[in-house]
Each structure stands twice: as C-alpha cells, then as structure tokens.
>>> print(open('model16.txt').read())   # compact mmCIF, C-alpha atoms
# COMPACT_ATOMS: atom_id res chain seq x y z
CA MET A 1 -21.25 -15.07 1.82
CA ILE A 2 -19.12 -11.94 1.61
CA ALA A 3 -15.64 -10.94 0.45
CA VAL A 4 -13.45 -8.10 1.67
CA VAL A 5 -10.68 -6.78 -0.55
CA TYR A 6 -7.83 -4.43 0.35
CA SER A 7 -5.70 -3.47 -2.60
CA GLY A 8 -2.62 -1.39 -3.12
CA SER A 9 -1.05 -0.98 -6.53
CA LYS A 10 1.18 -4.02 -5.99
CA SER A 11 -1.16 -6.62 -4.42
CA ALA A 12 -4.85 -7.12 -3.73
CA PHE A 13 -5.67 -9.19 -0.64
CA TRP A 14 -8.96 -11.12 -0.68
CA LYS A 15 -10.73 -12.79 2.22
CA ILE A 16 -14.01 -14.65 1.85
CA SER A 17 -16.28 -15.19 4.83
CA ASN A 18 -19.47 -17.12 5.48
CA GLU A 19 -21.46 -16.49 8.68
CA GLY A 20 -18.49 -14.77 10.29
CA LYS A 21 -15.94 -17.49 9.50
CA THR A 22 -13.13 -17.14 6.99
CA ILE A 23 -13.45 -19.89 4.40
CA ALA A 24 -10.96 -18.77 1.74
CA GLU A 25 -8.29 -16.18 1.02
CA CYS A 26 -5.92 -15.26 -1.76
CA THR A 27 -3.67 -12.54 -3.14
CA ILE A 28 -3.68 -11.33 -6.73
CA HIS A 29 -2.10 -8.45 -8.62
CA GLY A 30 -3.12 -5.04 -7.32
CA ILE A 31 -6.41 -3.54 -8.46
CA ASN A 32 -5.94 0.17 -9.08
CA PRO A 33 -8.55 1.74 -11.39
CA CYS A 34 -6.11 4.55 -12.23
CA LEU A 35 -3.50 2.07 -13.46
CA ASN A 36 -5.47 -1.02 -14.49
CA ASP A 37 -8.26 -1.14 -17.06
CA SER A 38 -11.20 -3.53 -16.98
CA LYS A 39 -9.47 -6.06 -19.23
CA GLN A 40 -6.40 -6.26 -16.97
CA ILE A 41 -8.50 -6.65 -13.82
CA LEU A 42 -10.65 -9.41 -15.30
CA TYR A 43 -7.51 -11.17 -16.53
CA SER A 44 -6.15 -11.25 -12.95
CA LEU A 45 -9.44 -12.56 -11.57
CA ASN A 46 -9.65 -15.32 -14.19
CA LYS A 47 -6.17 -16.57 -13.29
CA ASN A 48 -7.14 -17.29 -9.67
CA ASN A 49 -8.85 -20.63 -8.97
CA ILE A 50 -10.18 -19.55 -5.55
CA LEU A 51 -11.99 -16.53 -6.97
CA ILE A 52 -13.32 -18.58 -9.87
CA SER A 53 -14.73 -21.22 -7.50
CA TYR A 54 -16.57 -18.61 -5.37
CA ALA A 55 -17.57 -16.29 -8.21
CA GLU A 56 -21.26 -17.25 -8.16
CA SER A 57 -21.61 -17.73 -4.39
CA LEU A 58 -20.62 -14.27 -3.20
CA LYS A 59 -23.46 -11.87 -2.35
CA LYS A 60 -21.54 -8.80 -1.14
CA ILE A 61 -18.02 -7.60 -1.87
CA TYR A 62 -16.41 -4.68 -0.05
CA VAL A 63 -13.44 -3.32 -1.98
CA PHE A 64 -10.91 -0.74 -0.77
CA ALA A 65 -8.52 0.06 -3.58
CA ALA A 66 -5.68 2.49 -4.17
CA GLY A 67 -6.61 4.92 -6.94
CA ALA A 68 -10.38 4.59 -6.39
CA SER A 69 -10.57 8.23 -5.34
CA SER A 70 -13.60 9.42 -7.28
CA GLY A 71 -17.18 8.25 -7.63
CA GLU A 72 -16.61 7.63 -11.33
CA LEU A 73 -13.61 5.35 -10.71
CA GLN A 74 -15.40 3.55 -7.88
CA ASN A 75 -18.45 2.88 -10.05
CA SER A 76 -16.30 1.73 -12.95
CA LEU A 77 -14.41 -0.75 -10.77
CA ALA A 78 -17.65 -2.01 -9.20
CA GLU A 79 -19.14 -2.62 -12.64
CA THR A 80 -16.04 -4.53 -13.74
CA LEU A 81 -16.12 -6.77 -10.67
CA GLU A 82 -19.87 -7.39 -11.02
CA THR A 83 -19.32 -8.81 -14.50
CA PHE A 84 -17.18 -11.51 -12.87
CA PHE A 85 -19.11 -11.92 -9.60
CA LYS A 86 -22.53 -11.99 -11.23
CA ASN A 87 -24.61 -12.49 -8.05
CA ALA A 88 -22.75 -10.00 -5.86
CA LYS A 89 -23.36 -6.39 -4.97
CA VAL A 90 -19.97 -4.66 -5.04
CA LYS A 91 -19.19 -1.56 -2.99
CA VAL A 92 -15.94 0.27 -3.73
CA LYS A 93 -14.08 2.87 -1.66
CA ASP A 94 -10.47 4.00 -1.77
CA ASP A 95 -7.68 2.46 0.30
CA VAL A 96 -7.66 5.41 2.72
CA TYR A 97 -11.24 4.61 3.69
CA GLY A 98 -10.33 0.97 4.28
CA ALA A 99 -7.18 1.84 6.23
CA SER A 100 -9.19 4.19 8.45
CA ILE A 101 -11.73 1.51 9.35
CA ALA A 102 -8.97 -1.07 9.93
CA ALA A 103 -7.09 1.27 12.26
CA CYS A 104 -9.89 3.11 14.05
CA TYR A 105 -13.15 1.20 13.47
CA ASP A 106 -15.74 3.81 14.57
CA LYS A 107 -13.39 6.08 16.53
CA LYS A 108 -11.71 9.30 15.41
CA GLY A 109 -8.04 9.40 14.56
CA ILE A 110 -5.31 10.21 12.06
CA VAL A 111 -4.29 7.33 9.81
CA GLY A 112 -1.03 7.12 7.89
CA ILE A 113 -0.68 4.65 5.04
CA LEU A 114 2.77 3.29 4.21
CA GLY A 115 2.57 0.41 1.76
CA SER A 116 3.26 0.31 -1.96
CA GLY A 117 1.95 3.89 -1.89
CA ALA A 118 1.58 6.53 0.81
CA ASN A 119 -1.21 8.71 2.16
CA CYS A 120 -2.54 10.23 5.36
CA ALA A 121 -5.96 11.40 6.50
CA TYR A 122 -8.04 12.47 9.47
CA TYR A 123 -10.89 10.03 10.10
CA ASP A 124 -13.97 11.35 11.91
CA GLY A 125 -15.27 7.89 12.81
CA LYS A 126 -17.39 7.65 9.66
CA LYS A 127 -15.25 8.73 6.74
CA PRO A 128 -11.77 10.12 6.02
CA GLU A 129 -11.40 13.83 5.41
CA LYS A 130 -10.47 14.83 1.85
CA ASN A 131 -6.92 16.05 1.32
CA ASN A 132 -4.46 16.95 -1.44
CA TYR A 133 -2.25 13.88 -0.97
CA GLY A 134 -2.40 10.65 -2.96
CA LEU A 135 -0.37 12.00 -5.89
CA GLY A 136 0.98 8.61 -6.93
CA PHE A 137 4.46 7.25 -7.44
CA ILE A 138 5.71 10.06 -9.71
CA LEU A 139 4.61 13.13 -7.75
CA GLY A 140 4.17 11.68 -4.26
CA ASP A 141 4.15 8.48 -2.19
CA GLU A 142 7.05 9.57 0.03
CA GLY A 143 7.84 6.83 2.56
CA SER A 144 6.25 4.05 0.50
CA SER A 145 7.96 1.00 -0.96
CA ASN A 146 8.12 2.55 -4.42
CA HIS A 147 9.71 5.68 -2.89
CA LEU A 148 12.25 3.44 -1.17
CA GLY A 149 12.92 1.83 -4.55
CA ARG A 150 13.48 5.25 -6.12
CA LEU A 151 15.91 6.21 -3.35
CA LEU A 152 17.87 2.98 -3.73
CA LEU A 153 18.18 3.24 -7.51
CA LYS A 154 19.04 6.94 -7.41
CA ASN A 155 21.83 6.29 -4.91
CA TYR A 156 23.05 3.39 -7.06
CA LEU A 157 23.10 5.49 -10.24
CA GLU A 158 24.86 8.36 -8.45
CA ASP A 159 27.45 5.88 -7.13
CA LYS A 160 26.60 6.65 -3.50
CA LEU A 161 25.92 3.12 -2.29
CA PRO A 162 28.58 1.37 -0.19
CA ALA A 163 30.56 -1.18 -2.21
CA ASP A 164 29.01 -4.21 -0.47
CA LEU A 165 25.44 -3.06 -1.13
CA ARG A 166 26.26 -2.12 -4.71
CA LYS A 167 27.71 -5.55 -5.44
CA GLN A 168 24.79 -7.34 -3.81
CA LEU A 169 22.26 -5.20 -5.70
CA GLU A 170 23.93 -5.86 -9.05
CA GLU A 171 24.11 -9.60 -8.44
CA LYS A 172 20.53 -9.90 -7.22
CA TYR A 173 18.86 -7.74 -9.90
CA ASN A 174 21.42 -7.78 -12.76
CA LEU A 175 21.44 -3.98 -12.81
CA ASP A 176 23.11 -1.38 -14.96
CA ARG A 177 22.26 2.23 -15.81
CA ALA A 178 20.68 1.48 -19.20
CA THR A 179 18.44 -1.25 -17.77
CA ILE A 180 17.20 0.93 -14.92
CA LEU A 181 16.39 3.93 -17.12
CA GLU A 182 14.60 1.74 -19.65
CA ARG A 183 12.49 0.03 -16.98
CA VAL A 184 11.55 3.31 -15.30
CA TYR A 185 10.98 5.54 -18.33
CA LYS A 186 10.15 3.33 -21.29
CA LYS A 187 8.54 0.10 -20.16
CA PRO A 188 5.10 -0.20 -18.51
CA ASN A 189 4.54 -0.86 -14.79
CA ALA A 190 7.37 1.35 -13.53
CA GLN A 191 5.67 1.45 -10.13
CA SER A 192 5.80 -2.35 -9.81
CA TYR A 193 9.46 -2.28 -10.80
CA LEU A 194 10.27 0.26 -8.08
CA ASN A 195 8.26 -1.74 -5.53
CA SER A 196 10.24 -4.87 -6.35
CA PHE A 197 13.29 -3.53 -4.47
CA PHE A 198 11.47 -3.61 -1.14
CA ASP A 199 12.77 -7.15 -0.53
CA PHE A 200 16.31 -5.78 -0.73
CA TYR A 201 15.51 -3.44 2.16
CA ILE A 202 14.17 -6.33 4.21
CA GLU A 203 17.23 -8.49 3.51
CA ASN A 204 19.57 -5.64 4.52
CA ARG A 205 17.47 -4.05 7.24
CA ASN A 206 20.41 -3.95 9.68
CA HIS A 207 22.83 -2.30 7.27
CA LYS A 208 23.68 1.23 8.40
CA TYR A 209 23.15 2.76 4.94
CA ILE A 210 19.78 1.04 4.44
CA ILE A 211 18.67 2.31 7.84
CA GLN A 212 19.61 5.84 6.74
CA LEU A 213 17.49 5.53 3.59
CA ILE A 214 14.50 4.22 5.57
CA ASP A 215 14.81 7.03 8.12
CA LEU A 216 15.06 9.60 5.31
CA ALA A 217 11.91 8.24 3.66
CA PHE A 218 9.96 8.24 6.93
CA GLU A 219 11.10 11.77 7.79
CA LYS A 220 9.78 12.94 4.41
CA PHE A 221 6.44 11.25 5.12
CA PHE A 222 6.15 12.98 8.48
CA ASN A 223 7.03 16.41 7.08
CA ILE A 224 4.81 16.17 3.99
CA TYR A 225 1.82 14.20 5.31
CA LEU A 226 1.56 13.62 9.03
CA ILE A 227 2.74 16.84 10.67
CA PRO A 228 0.47 19.07 8.50
CA THR A 229 -2.50 16.76 9.24
CA LEU A 230 -1.77 16.92 12.96
CA ALA A 231 -1.56 20.70 12.77
CA GLN A 232 -5.15 20.74 11.48
CA HIS A 233 -6.31 18.12 14.00
CA PRO A 234 -4.15 18.47 17.12
CA ASN A 235 -4.33 15.92 19.94
CA GLU A 236 -5.85 13.21 17.75
CA GLU A 237 -4.50 9.68 18.09
CA VAL A 238 -2.13 8.56 15.31
CA HIS A 239 -2.31 5.15 13.66
CA PHE A 240 -0.40 3.55 10.79
CA VAL A 241 -1.39 0.91 8.27
CA GLY A 242 0.56 -0.93 5.58
CA THR A 243 3.37 -3.32 4.77
CA VAL A 244 6.18 -0.76 5.01
CA ALA A 245 4.88 0.60 8.32
CA GLY A 246 4.54 -2.90 9.74
CA THR A 247 7.86 -4.22 8.45
CA PHE A 248 9.93 -1.29 9.71
CA GLN A 249 7.82 -0.22 12.67
CA ASP A 250 10.88 0.13 14.91
CA ARG A 251 12.30 2.84 12.61
CA LEU A 252 8.84 4.39 12.21
CA ARG A 253 8.35 4.70 15.96
CA LEU A 254 11.83 6.25 16.32
CA THR A 255 10.99 8.83 13.66
CA ALA A 256 7.74 9.59 15.48
CA GLU A 257 9.55 10.04 18.80
CA LYS A 258 12.02 12.46 17.20
CA ASN A 259 9.04 14.56 16.10
CA GLY A 260 7.30 14.35 19.47
CA ILE A 261 4.53 12.11 18.12
CA LYS A 262 3.14 8.94 19.71
CA ILE A 263 1.90 6.15 17.45
CA ILE A 264 -1.02 4.24 18.99
CA THR A 265 -1.24 1.29 16.58
CA ILE A 266 0.55 -0.09 13.53
CA THR A 267 -1.44 -2.55 11.41
CA LYS A 268 0.66 -4.34 8.82
CA GLU A 269 -2.22 -6.19 7.12
CA PRO A 270 -5.49 -4.23 7.40
CA ILE A 271 -7.48 -6.95 5.62
CA TYR A 272 -7.93 -8.88 8.89
CA ASN A 273 -9.51 -5.94 10.71
CA LEU A 274 -11.69 -5.10 7.72
CA LEU A 275 -13.00 -8.66 7.54
CA ASN A 276 -13.78 -8.61 11.24
CA TYR A 277 -15.58 -5.28 10.88
CA TYR A 278 -17.80 -6.33 7.98
CA SER A 279 -18.39 -9.88 9.19
CA ASN A 280 -19.85 -8.50 12.40
>>> encode(input="model16.txt", output="structure tokens")
Amino acid sequence: MIAVVYSGSKSAFWKISNEGKTIAECTIHGINPCLNDSKQILYSLNKNNILISYAESLKKIYVFAAGASSGELQNSLAETLETFFKNAKVKVKDDVYGASIAACYDKKGIVGILGSGANCAYYDGKKPEKNNYGLGFILGDEGSSNHLGRLLLKNYLEDKLPADLRKQLEEKYNLDRATILERVYKKPNAQSYLNSFFDFYIENRNHKYIIQLIDLAFEKFFNIYLIPTLAQHPNEEVHFVGTVAGTFQDRLRLTAEKNGIKIITITKEPIYNLLNYYSN
C-alpha cells in the first residue's frame, strides 16, 4: 500500500493506493518544511481520521512539498512523517519535482507552477534543473494565489478598486486598513491570509478589473520565470501545473499567445498523475 502527497503551502493532497487502485484520499493543511515545524505537521496528521486509520498499513509514501528544496529539509520532513507512519519508507522531493513528473512523466519539458506559490523549471526527463526561483511569498511567487491576494489588497488600500468590488470585498471579509496590515505584518500565517482571497477572484472572474489583475500577475510570471527559462532551453514544450493555472487557464493561454508561446498541457491537480505514475 502506498500514498502519494502533493503539497503547496496552503493544502496537502493525499491519495492512498493498493495494487494500483485508489482506496482513500484526503486534504489537510499544507506541509511546507520551511514554514511548518514537526509539531505543526504532526498536529495536522493527527486531526485526520483517514490518515490515522491507514497510518500502520502504508509501506511507501512519496511526498512532493513546497519548501522541501534541500536535502536537509527533505530528510527532516521524512523523519517527521515516519514517526507517524511507523511502517512506511518516506521519500521527499520538492513540489517542482512532483509537478515535473505530473506534467511530463519521463519526457523533457519546461514546467510552470502556479498554485499557492509559483516556480518554473526545465525538466530533463529525470529531474528538474536547479534555478534561482522559489523565493517565497515575500520575495517571489509572482502569478500565484498569494500574489493575487497581495495585488487585490494593495489596490484596495490604495483606493484603486471599482466601487462594486470594494463594497463586495469589505462585506465578504470585513476589511479595513488596520486589519489588513495587522494580518500581513504582525500575525502568523500571512501567506495563508493572502491565499484566502483567491475565492474572491473565482467569484468575480468575469469582472473587467479582476481580469486585469489576473493578466498582470500572469505577465509578471512569464517575464520573471518562463521567458528566461525558455531562453536557456529554446524549443522545449511548455506545461503548467497548479490550481491557479487550471482555474484561469483561458487567461493563461491568452498571455502565452501574446508572448508567442504555446502551452501543451495544463494540469490543475497534479496528484492524479503522480498517483498513476507511482502506482504503475
């Protein structure tokens, strides 16, 4: 019996398989070894009845987690999970590795990640090439859901939102300047707070101003991540993975066309492809 886990900073998706058949699945709070310590991770695991019921049955667990960028962090996360899943061998890689397999399997390609965070990498069919991206929600993540949250709040605080959006935002989230600044700068989990505004984008996806913000975020991703990667690896196929990419794939494809780039595939939930890959 195996489990495959794909985790951003917001959510960790689990699928459990036995002899190639999915027998259980669940979603818990994101597992990011840069943001979550061992105590927090174990607390999340112990709150989920599905994971508790299969804790002793699992033999192998493949984890692809945002923030697991170094061998030290990968080993630390594996050790934490093995204290909960006592009979399992846990292998940990970062989310870029998982996204690359989900999008390309064993073929070469360039993979863009647009979920709660953002990244991009060339995949040689075996492993993703190292890069200088993955700077997190403060210094990077352009195009991600937390970046979209930053854009929305910044426009709100600068009084740039149209009146109808401003009113809706205030009513839905009970916002004011003091509350926003406190949540972002003083309270913990600022990234989760910024990610929480992604639903507002979905609800207003046809609003002209929201479309402009989405297009701006995607254009930044292309300029900072994708176009430089393509310059180093011209003529490679381009794939995208992640909730933001999948939810707004119409805008993403339009941004690609404007930049003369063709997107081959967009995978909203990579966990399905990863399970298929490791089950077989």
>>> closest_residue(input="model16.txt", among="A:Asn87, A:Thr255, A:Thr267, A:Ser9", to="Gln212 (chain A)", atoms="all atoms listed in the file")
A:Thr255
>>> atom_distance(input="model16.txt", atom1="CA of Thr22 (chain A)", atom2="CA of Gly125 (chain A)")
25.8 Å
>>> atom_distance(input="model16.txt", atom1="CA of Ser76 (chain A)", atom2="CA of Tyr97 (chain A)")
17.6 Å
>>> atom_distance(input="model16.txt", atom1="CA of Ala12 (chain A)", atom2="CA of Ser116 (chain A)")
11.1 Å
>>> residues_around(input="model16.txt", residues="Gly67 (chain A)", least_positions_apart="6", cutoff="8 Å", atoms="only C-alpha atoms", output="NGL selection string")
:A and (32-35 or 73 or 94-95)
>>> residues_near_point(input="model16.txt", point="(-19.1, -9.5, 13.6)", cutoff="10 Å", atoms="only C-alpha atoms", output="PDB file with C-alpha atoms, in the frame of the given file")
ATOM      1  CA  GLU A  19     -21.460 -16.490   8.680  1.00  0.00           C
ATOM      2  CA  GLY A  20     -18.490 -14.770  10.290  1.00  0.00           C
ATOM      3  CA  LYS A  21     -15.940 -17.490   9.500  1.00  0.00           C
ATOM      4  CA  LEU A 275     -13.000  -8.660   7.540  1.00  0.00           C
ATOM      5  CA  ASN A 276     -13.780  -8.610  11.240  1.00  0.00           C
ATOM      6  CA  TYR A 277     -15.580  -5.280  10.880  1.00  0.00           C
ATOM      7  CA  TYR A 278     -17.800  -6.330   7.980  1.00  0.00           C
ATOM      8  CA  SER A 279     -18.390  -9.880   9.190  1.00  0.00           C
ATOM      9  CA  ASN A 280     -19.850  -8.500  12.400  1.00  0.00           C
TER      10      ASN A 280
END
>>> build_atoms(input="model16.txt", residues="region 223-234 of chain A", atoms="all heavy atoms", output="PDB file, in the frame of the given file")
ATOM      1  N   ASN A 223       7.028  14.982   7.419  1.00  0.00           N
ATOM      2  CA  ASN A 223       7.030  16.410   7.080  1.00  0.00           C
ATOM      3  C   ASN A 223       5.976  16.768   6.041  1.00  0.00           C
ATOM      4  O   ASN A 223       5.372  17.842   6.110  1.00  0.00           O
ATOM      5  CB  ASN A 223       8.418  16.822   6.568  1.00  0.00           C
ATOM      6  CG  ASN A 223       9.452  16.846   7.671  1.00  0.00           C
ATOM      7  OD1 ASN A 223       9.129  17.054   8.838  1.00  0.00           O
ATOM      8  ND2 ASN A 223      10.705  16.609   7.318  1.00  0.00           N
ATOM      9  N   ILE A 224       5.740  15.860   5.082  1.00  0.00           N
ATOM     10  CA  ILE A 224       4.810  16.170   3.990  1.00  0.00           C
ATOM     11  C   ILE A 224       3.370  15.818   4.344  1.00  0.00           C
ATOM     12  O   ILE A 224       2.444  16.555   3.998  1.00  0.00           O
ATOM     13  CB  ILE A 224       5.244  15.429   2.715  1.00  0.00           C
ATOM     14  CG1 ILE A 224       6.596  15.982   2.233  1.00  0.00           C
ATOM     15  CG2 ILE A 224       4.188  15.560   1.610  1.00  0.00           C
ATOM     16  CD1 ILE A 224       7.223  15.174   1.113  1.00  0.00           C
ATOM     17  N   TYR A 225       3.168  14.717   5.069  1.00  0.00           N
ATOM     18  CA  TYR A 225       1.820  14.200   5.310  1.00  0.00           C
ATOM     19  C   TYR A 225       1.342  14.382   6.759  1.00  0.00           C
ATOM     20  O   TYR A 225       0.309  15.007   7.006  1.00  0.00           O
ATOM     21  CB  TYR A 225       1.753  12.699   4.978  1.00  0.00           C
ATOM     22  CG  TYR A 225       2.028  12.326   3.555  1.00  0.00           C
ATOM     23  CD1 TYR A 225       3.338  12.214   3.084  1.00  0.00           C
ATOM     24  CD2 TYR A 225       0.994  12.037   2.669  1.00  0.00           C
ATOM     25  CE1 TYR A 225       3.609  11.839   1.774  1.00  0.00           C
ATOM     26  CE2 TYR A 225       1.246  11.655   1.359  1.00  0.00           C
ATOM     27  CZ  TYR A 225       2.559  11.566   0.918  1.00  0.00           C
ATOM     28  OH  TYR A 225       2.822  11.197  -0.375  1.00  0.00           O
ATOM     29  N   LEU A 226       2.084  13.771   7.670  1.00  0.00           N
ATOM     30  CA  LEU A 226       1.560  13.620   9.030  1.00  0.00           C
ATOM     31  C   LEU A 226       1.553  14.907   9.839  1.00  0.00           C
ATOM     32  O   LEU A 226       0.535  15.248  10.467  1.00  0.00           O
ATOM     33  CB  LEU A 226       2.340  12.537   9.773  1.00  0.00           C
ATOM     34  CG  LEU A 226       1.837  12.198  11.181  1.00  0.00           C
ATOM     35  CD1 LEU A 226       0.377  11.757  11.146  1.00  0.00           C
ATOM     36  CD2 LEU A 226       2.700  11.109  11.813  1.00  0.00           C
ATOM     37  N   ILE A 227       2.661  15.623   9.857  1.00  0.00           N
ATOM     38  CA  ILE A 227       2.740  16.840  10.670  1.00  0.00           C
ATOM     39  C   ILE A 227       1.715  17.893  10.223  1.00  0.00           C
ATOM     40  O   ILE A 227       1.035  18.483  11.074  1.00  0.00           O
ATOM     41  CB  ILE A 227       4.182  17.393  10.661  1.00  0.00           C
ATOM     42  CG1 ILE A 227       5.100  16.422  11.416  1.00  0.00           C
ATOM     43  CG2 ILE A 227       4.244  18.786  11.283  1.00  0.00           C
ATOM     44  CD1 ILE A 227       6.565  16.775  11.373  1.00  0.00           C
ATOM     45  N   PRO A 228       1.536  18.135   8.909  1.00  0.00           N
ATOM     46  CA  PRO A 228       0.470  19.070   8.500  1.00  0.00           C
ATOM     47  C   PRO A 228      -0.932  18.601   8.895  1.00  0.00           C
ATOM     48  O   PRO A 228      -1.783  19.415   9.256  1.00  0.00           O
ATOM     49  CB  PRO A 228       0.625  19.114   6.971  1.00  0.00           C
ATOM     50  CG  PRO A 228       2.052  18.775   6.721  1.00  0.00           C
ATOM     51  CD  PRO A 228       2.384  17.743   7.759  1.00  0.00           C
ATOM     52  N   THR A 229      -1.180  17.277   8.842  1.00  0.00           N
ATOM     53  CA  THR A 229      -2.500  16.760   9.240  1.00  0.00           C
ATOM     54  C   THR A 229      -2.713  16.942  10.734  1.00  0.00           C
ATOM     55  O   THR A 229      -3.816  17.314  11.180  1.00  0.00           O
ATOM     56  CB  THR A 229      -2.627  15.276   8.858  1.00  0.00           C
ATOM     57  OG1 THR A 229      -2.370  15.106   7.465  1.00  0.00           O
ATOM     58  CG2 THR A 229      -4.036  14.758   9.160  1.00  0.00           C
ATOM     59  N   LEU A 230      -1.679  16.700  11.514  1.00  0.00           N
ATOM     60  CA  LEU A 230      -1.770  16.920  12.960  1.00  0.00           C
ATOM     61  C   LEU A 230      -1.957  18.390  13.307  1.00  0.00           C
ATOM     62  O   LEU A 230      -2.634  18.714  14.289  1.00  0.00           O
ATOM     63  CB  LEU A 230      -0.493  16.400  13.645  1.00  0.00           C
ATOM     64  CG  LEU A 230      -0.525  14.953  14.144  1.00  0.00           C
ATOM     65  CD1 LEU A 230       0.871  14.507  14.553  1.00  0.00           C
ATOM     66  CD2 LEU A 230      -1.502  14.793  15.294  1.00  0.00           C
ATOM     67  N   ALA A 231      -1.394  19.268  12.527  1.00  0.00           N
ATOM     68  CA  ALA A 231      -1.560  20.700  12.770  1.00  0.00           C
ATOM     69  C   ALA A 231      -3.019  21.116  12.609  1.00  0.00           C
ATOM     70  O   ALA A 231      -3.514  21.999  13.316  1.00  0.00           O
ATOM     71  CB  ALA A 231      -0.679  21.503  11.812  1.00  0.00           C
ATOM     72  N   GLN A 232      -3.728  20.452  11.698  1.00  0.00           N
ATOM     73  CA  GLN A 232      -5.150  20.740  11.480  1.00  0.00           C
ATOM     74  C   GLN A 232      -6.032  20.028  12.503  1.00  0.00           C
ATOM     75  O   GLN A 232      -7.140  20.488  12.791  1.00  0.00           O
ATOM     76  CB  GLN A 232      -5.562  20.325  10.067  1.00  0.00           C
ATOM     77  CG  GLN A 232      -4.898  21.142   8.963  1.00  0.00           C
ATOM     78  CD  GLN A 232      -5.327  20.679   7.583  1.00  0.00           C
ATOM     79  OE1 GLN A 232      -6.085  19.713   7.441  1.00  0.00           O
ATOM     80  NE2 GLN A 232      -4.837  21.356   6.555  1.00  0.00           N
ATOM     81  N   HIS A 233      -5.527  18.911  13.035  1.00  0.00           N
ATOM     82  CA  HIS A 233      -6.310  18.120  14.000  1.00  0.00           C
ATOM     83  C   HIS A 233      -5.420  17.749  15.188  1.00  0.00           C
ATOM     84  O   HIS A 233      -5.068  16.576  15.369  1.00  0.00           O
ATOM     85  CB  HIS A 233      -6.866  16.867  13.322  1.00  0.00           C
ATOM     86  CG  HIS A 233      -7.729  17.145  12.141  1.00  0.00           C
ATOM     87  ND1 HIS A 233      -9.042  17.524  12.249  1.00  0.00           N
ATOM     88  CD2 HIS A 233      -7.444  17.137  10.799  1.00  0.00           C
ATOM     89  CE1 HIS A 233      -9.556  17.709  11.043  1.00  0.00           C
ATOM     90  NE2 HIS A 233      -8.598  17.486  10.141  1.00  0.00           N
ATOM     91  N   PRO A 234      -5.052  18.735  15.991  1.00  0.00           N
ATOM     92  CA  PRO A 234      -4.150  18.470  17.120  1.00  0.00           C
ATOM     93  C   PRO A 234      -4.789  17.546  18.160  1.00  0.00           C
ATOM     94  O   PRO A 234      -6.011  17.493  18.303  1.00  0.00           O
ATOM     95  CB  PRO A 234      -3.889  19.858  17.700  1.00  0.00           C
ATOM     96  CG  PRO A 234      -5.067  20.684  17.259  1.00  0.00           C
ATOM     97  CD  PRO A 234      -5.457  20.149  15.924  1.00  0.00           C
TER      98      PRO A 234
END
